[in-house]
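Novice: The structure under discussion is supplied below as structure tokens; questions concerning it will follow.
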Amino acid sequence: REDDLKCLNGYKRVTNYQKRLSELEDQKPYMTPEEIEQTDVERQMELQLVSQHMEIERVVEDQTSDGFGSCYLLKWRGLPYSECTWESADVIGRCNAHTILDRFQANQQRCMETGTSIETQRSNLLDKLRQMGGKLFTSQPSYIKGGSLRPYQLDGLNYLTACWARKSNCILADEMGLGKTIQCVSMLNFLFEGMNLVGPFLVVVPLSTVPNWKKEFDIW
């Protein structure tokens with residue numbers, strides 16, 4: 001019933017969308033053929049966007065419900081995290097998102113493993129850097145698999161690891177487009193794989209760049 005829907009988030013947007021469609025239909029008899037064609041094109045673009053919003057981008061969290069069994073907090077492609085929704089397990093199957101669920105469960109399992117002490121790892125790394133002349137990597141680590149790091153990016157990774165070992169803040173000041181994101185992702189990869197530090201790690205970036213950061217994490 002409509003009264004039951006009024007209490008749900010997004011109800012106002014649905015009614016506004018229906019109102020806009022109704023107004024467009026009322027205006028069509030007075031439109032030129034060019035205007036009608038433009039309206040139809042815009043309508044098709046909206047439908048494509050809606051279809052994209054029905055694809056699962058990632059599983060954020062899980063929990064067990066008495067009434068629904070296993071439930072998952074899902075991030076939908078193209079929508080912000082504020083639009084995440086809790087869904088039952090059968091939604092994963094309907095959206096063909098088993099690979100995404102497997103990745104989430106693998107990450108959850110890895111995070112449950114006991115990592116090593118941060119201070120112990122810092123001390124060990126600092127000793128190793130002294131022995132190696134301050135440069136940990138002379139070639140790309142095997143666990144960084146998204147592509148080949150350029151020499152200056154490898155230098156950046158060495159710089160980040162040295163700063164981390166010394167507990168020093170640092171800034172990458174490369175020009176735009178030279179792969180600072182990749183260097184940062186590689187550094188977190190080093191902490192996770194090389195130092196056995198399971199996190200969590202906090203990455204604070206502008207909201208508009210979040211999709212690109214996620215893409216680089218998936219690749220590297």
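By convention in this document, the chains of the structure tokens carry letters A, B, ... by their order, each chain's residues are numbered from 1, and ligands are numbered from 1 in the order they are shown.
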When DSSP works through the backbone of this structure, what residues of segment 45-118 of chain A end up as helix (DSSP H, G or I), shown as JSON, numbers by chain?
Specialist: {"A": [45, 46, 47, 48, 49, 50, 51, 52, 81, 82, 83, 89, 90, 91, 92, 93, 94, 98, 99, 100, 101, 102, 103, 104, 105, 106, 107, 108, 109, 110, 111, 112, 118]}
Novice: Quick one: residues within 12 Å of Pro200 of chain A, only C-alpha atoms, excluding same-chain residues fewer than 6 positions away - as a list in words?
Specialist: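 Counting only C-alpha atoms, the residues come to Asn107, Gln108, Arg110, Cys111, Met112, Gly115, Leu188, Leu191 and Phe192 of chain A.
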Novice: Could you write out that same residue set with C-alpha atoms as a short mmCIF file (atom, residue, chain, number, x, y, z; two decimals), in the first residue's frame?
Specialist:
```
data_model
loop_
_atom_site.label_atom_id
_atom_site.label_comp_id
_atom_site.auth_asym_id
_atom_site.auth_seq_id
_atom_site.Cartn_x
_atom_site.Cartn_y
_atom_site.Cartn_z
CA ASN A 107 39.17 -10.02 3.21
CA GLN A 108 37.16 -10.63 6.39
CA ARG A 110 42.37 -12.22 6.42
CA CYS A 111 41.54 -9.43 8.86
CA MET A 112 40.71 -11.99 11.54
CA GLY A 115 49.05 -9.68 12.71
CA LEU A 188 49.38 -0.04 1.97
CA LEU A 191 52.13 -2.97 5.04
CA PHE A 192 49.49 -5.64 4.47
#
```
Novice: Using only C-alpha atoms, can you tell me which of A:Thr99, A:Gln105, A:Asn124, A:Asn189 comes closest to Gln140 of chain A?
Specialist: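 Under the stated criterion, the closest residue is A:Asn189.
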Novice: Quick one: residues within 8 Å of segment 161-171 of chain A, only C-alpha atoms counted, chain neighbours fewer than 3 positions away excluded, as a ChimeraX atom specification?
Specialist: /A:122-123,125-126,129,134-136,157-158,187
Novice: Please indicate the distance in Å from atom CA of Lys28 of chain A to atom CA of Asp40 of chain A, rounded to one decimal place.
Specialist: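 Computing it gives 10.7 Å between the two atoms.
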Novice: Out of segment 21-136 of chain A, which residues get strand (DSSP E) from DSSP, as a list in words?
Specialist: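 These are the residues in question: Ile56, Glu57, Arg58, Val59, Val60, Glu61, Asp62, Gln63, Thr64, Ser65, Gly69, Ser70, Cys71, Tyr72, Leu73, Leu74, Lys75, Trp76, Thr85, Trp86, Glu87 and Ser88 of chain A.
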Novice: Fewer than 4 positions away in the same chain doesn't count, so skip those; otherwise give me all residues within 10 Å of segment 15-22 of chain A, counting only C-alpha atoms, as JSON, numbers by chain.
Specialist: {"A": [6, 10, 11, 26, 27, 43]}
Novice: Using only C-alpha atoms, which of A:Cys184, A:Asp62, A:Ser51, A:Trp213 sits nearest Thr85 of chain A?
Specialist: A:Asp62
Novice: Extract, using only C-alpha atoms, all DNA, RNA and protein residues at most 10 Å from Leu154 of chain A, discarding same-chain residues fewer than 4 positions from it, and format them as an MDAnalysis selection string.
Specialist: chainID A and resid 135:141 148:150 158:160 183 186
Novice: Which residue out of A:Ala89, A:Val204, A:Val198, A:Val210 has the minimum interatomic distance to Ser70 of chain A when only C-alpha atoms are used?
Specialist: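 Of A:Ala89, A:Val204, A:Val198, A:Val210, the one nearest Ser70 of chain A, counting only C-alpha atoms, is A:Ala89.
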Novice: To one decimal place in Å, what is the distance between atom CA of Gln63 of chain A and atom CA of Gln109 of chain A?
Specialist: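 Interatomic distance, atom CA of Gln63 of chain A to atom CA of Gln109 of chain A: 14.6 Å.
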